[in-house]
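S.K.: Compact mmCIF, C-alpha atoms, saved as final_12.txt, coming up:
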# COMPACT_ATOMS: atom_id res chain seq x y z
CA VAL I 1 -20.58 32.55 -145.66
CA SER I 2 -21.54 28.93 -145.15
CA THR I 3 -23.26 27.59 -142.05
CA ILE I 4 -20.35 25.20 -141.44
CA ASP I 5 -17.87 28.11 -141.41
CA VAL I 6 -20.02 30.07 -138.98
CA LEU I 7 -20.38 27.08 -136.64
CA ASP I 8 -16.63 26.47 -136.77
CA VAL I 9 -15.82 30.00 -135.59
CA LEU I 10 -18.73 29.94 -133.16
CA ALA I 11 -17.17 26.92 -131.42
CA THR I 12 -14.01 28.97 -130.78
CA ILE I 13 -16.05 31.91 -129.53
CA TYR I 14 -18.00 29.60 -127.22
CA ASP I 15 -14.71 28.46 -125.65
CA LEU I 16 -13.59 32.09 -125.22
CA VAL I 17 -16.83 33.11 -123.51
CA CYS I 18 -16.88 30.06 -121.21
CA SER I 19 -13.25 30.70 -120.23
CA ASP I 20 -13.78 34.48 -119.91
CA VAL I 21 -10.83 35.01 -122.24
CA PHE I 22 -10.61 37.67 -124.95
CA MET I 23 -8.94 37.44 -128.35
CA ASN I 24 -8.27 39.88 -131.15
CA LYS I 25 -9.38 39.29 -134.73
CA ARG I 26 -5.86 38.63 -135.97
CA SER I 27 -5.34 35.89 -133.36
CA LEU I 28 -8.61 34.31 -134.42
CA TYR I 29 -7.42 34.43 -138.03
CA TYR I 30 -4.14 32.70 -137.17
CA LEU I 31 -6.07 29.89 -135.50
CA ARG I 32 -7.92 29.36 -138.78
CA ALA I 33 -5.34 30.62 -141.29
CA LYS I 34 -5.39 27.37 -143.27
CA GLU I 35 -9.17 27.50 -143.60
CA PHE I 36 -10.21 31.16 -143.78
CA SER I 37 -8.90 34.45 -145.14
CA MET I 38 -9.06 37.59 -143.01
CA GLN I 39 -11.96 38.79 -145.15
CA ARG I 40 -13.88 35.58 -144.45
CA ILE I 41 -13.23 35.95 -140.71
CA ASP I 42 -14.66 39.48 -140.95
CA ALA I 43 -17.73 38.20 -142.76
CA ILE I 44 -18.29 35.43 -140.21
CA LEU I 45 -17.95 37.80 -137.25
CA ARG I 46 -20.35 40.19 -138.93
CA THR I 47 -22.84 37.37 -139.43
CA LEU I 48 -22.60 36.30 -135.78
CA CYS I 49 -22.99 39.87 -134.51
CA LEU I 50 -26.10 40.36 -136.61
CA LEU I 51 -27.44 36.93 -135.67
CA PHE I 52 -27.12 37.51 -131.92
CA ARG I 53 -27.59 41.30 -132.20
CA VAL I 54 -24.51 42.08 -130.11
CA PRO I 55 -21.24 43.96 -130.80
CA ARG I 56 -18.02 41.99 -131.19
CA ARG I 57 -16.84 42.49 -127.64
CA PHE I 58 -19.78 40.38 -126.46
CA LEU I 59 -18.29 37.57 -128.53
CA HIS I 60 -14.98 38.20 -126.72
CA ILE I 61 -13.37 39.49 -129.92
CA VAL I 62 -11.71 42.83 -129.16
CA LEU I 63 -8.95 45.12 -130.38
CA LEU I 64 -6.84 45.03 -127.22
CA PRO I 65 -7.17 41.83 -125.19
CA HIS I 66 -4.80 43.20 -122.52
CA LEU I 67 -7.60 45.58 -121.48
CA SER I 68 -9.79 42.59 -120.65
CA PRO I 69 -9.87 40.65 -117.36
CA ASN I 70 -7.77 37.83 -118.81
CA LEU I 71 -4.86 38.26 -121.19
CA LEU I 72 -4.60 36.06 -124.24
CA MET I 73 -2.32 37.98 -126.55
CA GLN I 74 -0.92 41.51 -126.69
CA THR I 75 -1.58 43.50 -129.86
CA SER I 76 -0.58 46.82 -131.37
CA THR I 77 -1.66 50.15 -129.92
CA CYS I 78 -5.24 51.40 -129.96
CA ARG I 79 -6.33 52.92 -133.22
CA GLY I 80 -8.54 55.73 -131.96
CA ILE I 81 -7.34 58.71 -129.90
CA VAL I 82 -9.29 61.31 -127.94
CA SER I 83 -8.21 64.57 -126.34
CA GLY I 84 -9.71 67.80 -125.05
CA ASP I 85 -12.18 68.98 -122.44
CA LEU I 86 -13.65 65.74 -121.12
CA ARG I 87 -13.99 64.03 -117.75
CA PHE I 88 -15.15 60.45 -117.40
CA LEU I 89 -14.92 57.26 -115.37
CA ASP I 90 -13.10 54.33 -116.97
CA ASP I 91 -14.20 51.22 -115.08
CA GLY I 92 -14.55 53.37 -111.95
CA GLN I 93 -11.26 55.26 -112.39
CA PHE I 94 -11.63 59.02 -112.88
CA VAL I 95 -9.94 60.42 -116.00
CA ASP I 96 -9.61 64.11 -116.82
CA LEU I 97 -8.24 64.65 -120.32
CA ARG I 98 -7.49 68.27 -119.46
CA ASP I 99 -4.77 67.05 -117.10
CA LEU I 100 -2.85 65.14 -119.76
CA PRO I 101 0.79 66.30 -119.99
CA ALA I 102 1.62 68.52 -122.94
CA THR I 103 3.84 65.76 -124.34
CA THR I 104 0.95 63.27 -124.31
CA LYS I 105 -0.86 63.33 -127.63
CA GLY I 106 -4.27 62.18 -126.48
CA ARG I 107 -5.61 59.06 -124.81
CA PRO I 108 -6.04 55.77 -126.71
CA ILE I 109 -9.58 54.45 -127.08
CA GLY I 110 -10.01 50.83 -126.01
CA ASP I 111 -12.71 48.31 -126.83
CA PHE I 112 -14.58 48.38 -123.54
CA THR I 113 -16.49 51.59 -124.12
CA ASP I 114 -19.43 50.19 -122.15
CA ARG I 115 -17.28 50.60 -119.02
CA LEU I 116 -17.07 54.36 -119.55
CA THR I 117 -19.26 56.84 -117.71
CA PHE I 118 -18.98 60.36 -119.07
CA VAL I 119 -19.10 62.87 -116.23
CA ALA I 120 -18.69 66.40 -117.55
CA THR I 121 -17.38 68.63 -120.32
CA ASP I 122 -17.36 72.32 -121.18
CA ALA I 123 -16.76 71.56 -124.86
CA ARG I 124 -18.61 73.63 -127.43
CA TYR I 125 -18.27 70.94 -130.09
CA ILE I 126 -16.81 67.51 -130.85
CA LEU I 127 -14.44 67.44 -133.81
CA VAL I 128 -13.80 64.13 -135.58
CA VAL I 129 -10.52 64.40 -137.51
CA GLU I 130 -9.78 62.11 -140.44
CA LYS I 131 -5.98 62.18 -140.38
CA GLU I 132 -3.76 61.47 -137.40
CA THR I 133 -1.21 64.08 -138.49
CA ILE I 134 -3.88 66.81 -138.59
CA PHE I 135 -5.16 65.67 -135.18
CA PHE I 136 -1.67 66.07 -133.67
CA TYR I 137 -1.19 69.41 -135.45
CA LEU I 138 -4.41 70.77 -133.94
CA LEU I 139 -3.27 69.64 -130.49
CA GLU I 140 0.11 71.36 -130.92
CA LEU I 141 -1.67 74.43 -132.26
CA GLY I 142 -3.78 74.57 -129.10
CA LEU I 143 -7.09 74.64 -130.95
CA HIS I 144 -9.09 74.63 -127.71
CA HIS I 145 -7.32 77.83 -126.64
CA ILE I 146 -8.01 79.52 -129.98
CA ILE I 147 -11.71 78.83 -130.56
CA GLY I 148 -12.87 77.54 -127.22
CA PRO I 149 -13.04 74.22 -125.38
CA CYS I 150 -13.65 71.17 -127.55
CA ILE I 151 -13.19 67.41 -127.77
CA LEU I 152 -10.92 66.12 -130.54
CA LEU I 153 -11.18 62.56 -131.75
CA THR I 154 -9.50 60.61 -134.55
CA GLY I 155 -9.74 57.04 -135.78
CA ARG I 156 -6.41 57.38 -137.63
CA GLY I 157 -8.12 56.94 -140.96
CA TYR I 158 -11.10 54.62 -141.10
CA PRO I 159 -12.32 54.41 -137.48
CA GLY I 160 -12.68 51.02 -135.86
CA PHE I 161 -15.71 49.81 -133.97
CA ALA I 162 -14.34 51.02 -130.61
CA THR I 163 -13.82 54.58 -131.88
CA ARG I 164 -17.31 54.77 -133.39
CA SER I 165 -18.82 53.28 -130.25
CA PHE I 166 -16.94 55.82 -128.10
CA LEU I 167 -18.25 58.66 -130.26
CA HIS I 168 -21.85 57.50 -130.03
CA HIS I 169 -21.73 56.94 -126.27
CA LEU I 170 -20.23 60.42 -126.00
CA THR I 171 -23.09 61.98 -127.96
CA ASP I 172 -25.59 60.05 -125.87
CA ALA I 173 -24.09 61.62 -122.74
CA PHE I 174 -23.92 65.14 -124.24
CA PRO I 175 -26.64 65.30 -126.92
CA SER I 176 -26.61 69.10 -127.19
CA ILE I 177 -22.96 69.28 -128.33
CA PRO I 178 -22.65 69.34 -132.14
CA VAL I 179 -20.34 66.83 -133.83
CA LEU I 180 -18.24 68.11 -136.74
CA PHE I 181 -16.01 66.28 -139.20
CA LEU I 182 -12.67 67.48 -140.58
CA GLY I 183 -11.44 65.51 -143.58
CA ASP I 184 -10.73 65.55 -147.29
CA PHE I 185 -13.60 66.51 -149.57
CA ASP I 186 -13.14 63.58 -151.94
CA PRO I 187 -14.68 60.09 -152.28
CA HIS I 188 -12.28 58.68 -149.69
CA GLY I 189 -13.07 61.42 -147.17
CA ILE I 190 -16.82 61.15 -147.73
CA CYS I 191 -16.64 57.37 -147.30
CA LEU I 192 -14.73 57.87 -144.05
CA LEU I 193 -17.33 60.38 -142.86
CA TYR I 194 -20.07 57.85 -143.62
CA THR I 195 -18.16 55.20 -141.66
CA SER I 196 -17.58 57.53 -138.70
CA ASP I 197 -21.30 58.24 -138.63
CA ALA I 198 -22.05 54.59 -137.81
CA ALA I 199 -23.04 53.48 -141.29
CA ASP I 200 -22.35 49.90 -140.28
CA ASP I 201 -24.72 47.09 -139.40
CA LEU I 202 -22.67 46.04 -136.39
CA LEU I 203 -22.74 49.49 -134.87
CA CYS I 204 -26.40 49.94 -135.73
CA VAL I 205 -27.12 46.82 -133.68
CA ASP I 206 -25.47 48.39 -130.67
CA LEU I 207 -26.46 52.02 -131.13
CA GLY I 208 -29.64 52.09 -133.18
CA GLY I 209 -28.03 53.39 -136.38
CA ARG I 210 -28.38 57.08 -135.49
CA ARG I 211 -26.86 59.83 -137.63
CA ILE I 212 -24.84 62.16 -135.44
CA ILE I 213 -22.32 64.15 -137.49
CA LYS I 214 -23.56 67.54 -138.67
Please express the file's structure as structure tokens.
M.R.:
Amino acid sequence: VSTIDVLDVLATIYDLVCSDVFMNKRSLYYLRAKEFSMQRIDAILRTLCLLFRVPRRFLHIVLLPHLSPNLLMQTSTCRGIVSGDLRFLDDGQFVDLRDLPATTKGRPIGDFTDRLTFVATDARYILVVEKETIFFYLLELGLHHIIGPCILLTGRGYPGFATRSFLHHLTDAFPSIPVLFLGDFDPHGICLLYTSDAADDLLCVDLGGRRIIK
């Protein structure tokens, strides 16, 4: 990544921060589609995060801008989902995942995980599930009724930054609860496990690069 490319994107980020406006990565790409590929945008954002030692949300680049104070552009639904025995405050609003209706298949995980304050849980373990279909199957099966209270979490495949950040903040709040992984025992599944366990420079900046999954 060249210095000129980094400065070009940094100028856009500077405007976002000064205006207190948030943007998703795809919107940033469309602003620079004639100049950069999506892969180059990723590389530039990674460089800036490592340079300033902050996660992407501090650069006002998030997954869901509509969760931010000012709306720039709506995007698709959150990638990560969480369900189970967990109570927390989301920007001051109390959330009890145990009270979710039976028809609700978990709660989406947004970018602003630093606004969460985990209050309590009776979970015996945290289970990170590779596949969304298996996650929903376990919910329908009533896994928490079969083998005890738990917290289920999925990134719907490779977890995004928000999902990994949520998981690490969760383990910070409840360090005695073991974290388990349910996925395919093949190169793809092992790579996903490694990703879920914060094997990423950007997450290491924010969370110290701890290993958490047993």
S.K.: Go through I:Leu193, I:Leu48, I:Ile61, I:Ile4 one by one, measure the shortest atom-to-atom distance of each to Phe36 of chain I using all atoms listed in the file, and give the residue with the smallest value.
M.R.: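 Among the listed residues, I:Ile4 lies closest to Phe36 of chain I.
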S.K.: Between I:Leu97, I:Ile177, I:Leu153, I:Ile13, which residue has the minimum interatomic distance to Ala123 of chain I, considering all atoms listed in the file?
M.R.: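 So, comparing all the options, the nearest one is I:Ile177.
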S.K.: So that I can see what lies close to Gly160 of chain I, please list as a list in words the residues with an atom at most 8 Å from it, counting only C-alpha atoms and leaving out residues fewer than 4 positions away in the same chain.
M.R.: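 Surrounding residues, per the criterion: Arg79, Gly80, Gly155 and Arg164 of chain I.
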S.K.: Would you work out the distance separating atom CA of Phe58 of chain I from atom CA of Asp90 of chain I, expressed in Å to one decimal?
M.R.: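 Taking atom CA of Phe58 of chain I and atom CA of Asp90 of chain I, their separation equals 18.1 Å.
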S.K.: Between I:Arg53, I:Lys25, I:Lys105, I:Arg115, which one has atoms that come closest to Gly142 of chain I, using only C-alpha atoms?
M.R.: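 Of the candidates, the smallest distance to Gly142 of chain I is held by I:Lys105.
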S.K.: Mind writing segment 159-178 of chain I to a file for me, with N, CA, C and O atoms, as a PDB file, in the first residue's frame?
M.R.:
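Just written: decode_24.pdb:
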ATOM      1  N   PRO I 159     -16.177 -14.876  11.146  1.00  0.00           N
ATOM      2  CA  PRO I 159     -16.732 -13.780  11.954  1.00  0.00           C
ATOM      3  C   PRO I 159     -16.087 -12.449  11.624  1.00  0.00           C
ATOM      4  O   PRO I 159     -14.881 -12.367  11.384  1.00  0.00           O
ATOM      5  N   GLY I 160     -16.906 -11.402  11.610  1.00  0.00           N
ATOM      6  CA  GLY I 160     -16.383 -10.066  11.396  1.00  0.00           C
ATOM      7  C   GLY I 160     -15.760  -9.504  12.667  1.00  0.00           C
ATOM      8  O   GLY I 160     -15.778 -10.138  13.731  1.00  0.00           O
ATOM      9  N   PHE I 161     -15.237  -8.310  12.545  1.00  0.00           N
ATOM     10  CA  PHE I 161     -14.570  -7.678  13.681  1.00  0.00           C
ATOM     11  C   PHE I 161     -15.527  -7.515  14.857  1.00  0.00           C
ATOM     12  O   PHE I 161     -15.158  -7.754  16.008  1.00  0.00           O
ATOM     13  N   ALA I 162     -16.776  -7.102  14.573  1.00  0.00           N
ATOM     14  CA  ALA I 162     -17.738  -6.852  15.650  1.00  0.00           C
ATOM     15  C   ALA I 162     -18.022  -8.124  16.446  1.00  0.00           C
ATOM     16  O   ALA I 162     -18.096  -8.085  17.677  1.00  0.00           O
ATOM     17  N   THR I 163     -18.165  -9.256  15.745  1.00  0.00           N
ATOM     18  CA  THR I 163     -18.448 -10.516  16.430  1.00  0.00           C
ATOM     19  C   THR I 163     -17.278 -10.939  17.303  1.00  0.00           C
ATOM     20  O   THR I 163     -17.454 -11.362  18.448  1.00  0.00           O
ATOM     21  N   ARG I 164     -16.066 -10.815  16.787  1.00  0.00           N
ATOM     22  CA  ARG I 164     -14.879 -11.178  17.565  1.00  0.00           C
ATOM     23  C   ARG I 164     -14.694 -10.242  18.754  1.00  0.00           C
ATOM     24  O   ARG I 164     -14.329 -10.657  19.848  1.00  0.00           O
ATOM     25  N   SER I 165     -14.972  -8.967  18.538  1.00  0.00           N
ATOM     26  CA  SER I 165     -14.869  -7.997  19.625  1.00  0.00           C
ATOM     27  C   SER I 165     -15.896  -8.303  20.716  1.00  0.00           C
ATOM     28  O   SER I 165     -15.590  -8.247  21.917  1.00  0.00           O
ATOM     29  N   PHE I 166     -17.126  -8.637  20.301  1.00  0.00           N
ATOM     30  CA  PHE I 166     -18.181  -9.002  21.250  1.00  0.00           C
ATOM     31  C   PHE I 166     -17.737 -10.198  22.093  1.00  0.00           C
ATOM     32  O   PHE I 166     -17.877 -10.200  23.316  1.00  0.00           O
ATOM     33  N   LEU I 167     -17.189 -11.205  21.430  1.00  0.00           N
ATOM     34  CA  LEU I 167     -16.755 -12.408  22.126  1.00  0.00           C
ATOM     35  C   LEU I 167     -15.667 -12.093  23.149  1.00  0.00           C
ATOM     36  O   LEU I 167     -15.697 -12.594  24.283  1.00  0.00           O
ATOM     37  N   HIS I 168     -14.731 -11.265  22.790  1.00  0.00           N
ATOM     38  CA  HIS I 168     -13.634 -10.964  23.714  1.00  0.00           C
ATOM     39  C   HIS I 168     -14.086 -10.083  24.872  1.00  0.00           C
ATOM     40  O   HIS I 168     -13.648 -10.274  26.005  1.00  0.00           O
ATOM     41  N   HIS I 169     -14.974  -9.136  24.612  1.00  0.00           N
ATOM     42  CA  HIS I 169     -15.519  -8.348  25.722  1.00  0.00           C
ATOM     43  C   HIS I 169     -16.342  -9.238  26.657  1.00  0.00           C
ATOM     44  O   HIS I 169     -16.351  -9.035  27.875  1.00  0.00           O
ATOM     45  N   LEU I 170     -17.018 -10.222  26.072  1.00  0.00           N
ATOM     46  CA  LEU I 170     -17.807 -11.156  26.867  1.00  0.00           C
ATOM     47  C   LEU I 170     -16.907 -11.985  27.785  1.00  0.00           C
ATOM     48  O   LEU I 170     -17.209 -12.180  28.967  1.00  0.00           O
ATOM     49  N   THR I 171     -15.791 -12.455  27.260  1.00  0.00           N
ATOM     50  CA  THR I 171     -14.881 -13.253  28.083  1.00  0.00           C
ATOM     51  C   THR I 171     -14.132 -12.397  29.097  1.00  0.00           C
ATOM     52  O   THR I 171     -13.709 -12.898  30.140  1.00  0.00           O
ATOM     53  N   ASP I 172     -13.970 -11.128  28.815  1.00  0.00           N
ATOM     54  CA  ASP I 172     -13.403 -10.218  29.810  1.00  0.00           C
ATOM     55  C   ASP I 172     -14.350 -10.084  31.004  1.00  0.00           C
ATOM     56  O   ASP I 172     -13.920 -10.021  32.160  1.00  0.00           O
ATOM     57  N   ALA I 173     -15.660 -10.012  30.697  1.00  0.00           N
ATOM     58  CA  ALA I 173     -16.656  -9.830  31.756  1.00  0.00           C
ATOM     59  C   ALA I 173     -16.860 -11.111  32.560  1.00  0.00           C
ATOM     60  O   ALA I 173     -17.116 -11.066  33.762  1.00  0.00           O
ATOM     61  N   PHE I 174     -16.737 -12.271  31.895  1.00  0.00           N
ATOM     62  CA  PHE I 174     -16.954 -13.559  32.564  1.00  0.00           C
ATOM     63  C   PHE I 174     -15.776 -14.488  32.267  1.00  0.00           C
ATOM     64  O   PHE I 174     -15.907 -15.468  31.508  1.00  0.00           O
ATOM     65  N   PRO I 175     -14.615 -14.215  32.850  1.00  0.00           N
ATOM     66  CA  PRO I 175     -13.394 -14.961  32.509  1.00  0.00           C
ATOM     67  C   PRO I 175     -13.408 -16.429  32.927  1.00  0.00           C
ATOM     68  O   PRO I 175     -12.622 -17.217  32.402  1.00  0.00           O
ATOM     69  N   SER I 176     -14.285 -16.802  33.847  1.00  0.00           N
ATOM     70  CA  SER I 176     -14.292 -18.196  34.323  1.00  0.00           C
ATOM     71  C   SER I 176     -15.117 -19.122  33.431  1.00  0.00           C
ATOM     72  O   SER I 176     -15.068 -20.346  33.597  1.00  0.00           O
ATOM     73  N   ILE I 177     -15.869 -18.558  32.487  1.00  0.00           N
ATOM     74  CA  ILE I 177     -16.718 -19.381  31.619  1.00  0.00           C
ATOM     75  C   ILE I 177     -15.904 -19.859  30.419  1.00  0.00           C
ATOM     76  O   ILE I 177     -15.349 -19.049  29.678  1.00  0.00           O
ATOM     77  N   PRO I 178     -15.806 -21.171  30.214  1.00  0.00           N
ATOM     78  CA  PRO I 178     -15.028 -21.672  29.069  1.00  0.00           C
ATOM     79  C   PRO I 178     -15.701 -21.349  27.741  1.00  0.00           C
ATOM     80  O   PRO I 178     -16.927 -21.279  27.651  1.00  0.00           O
TER      81      PRO I 178
END
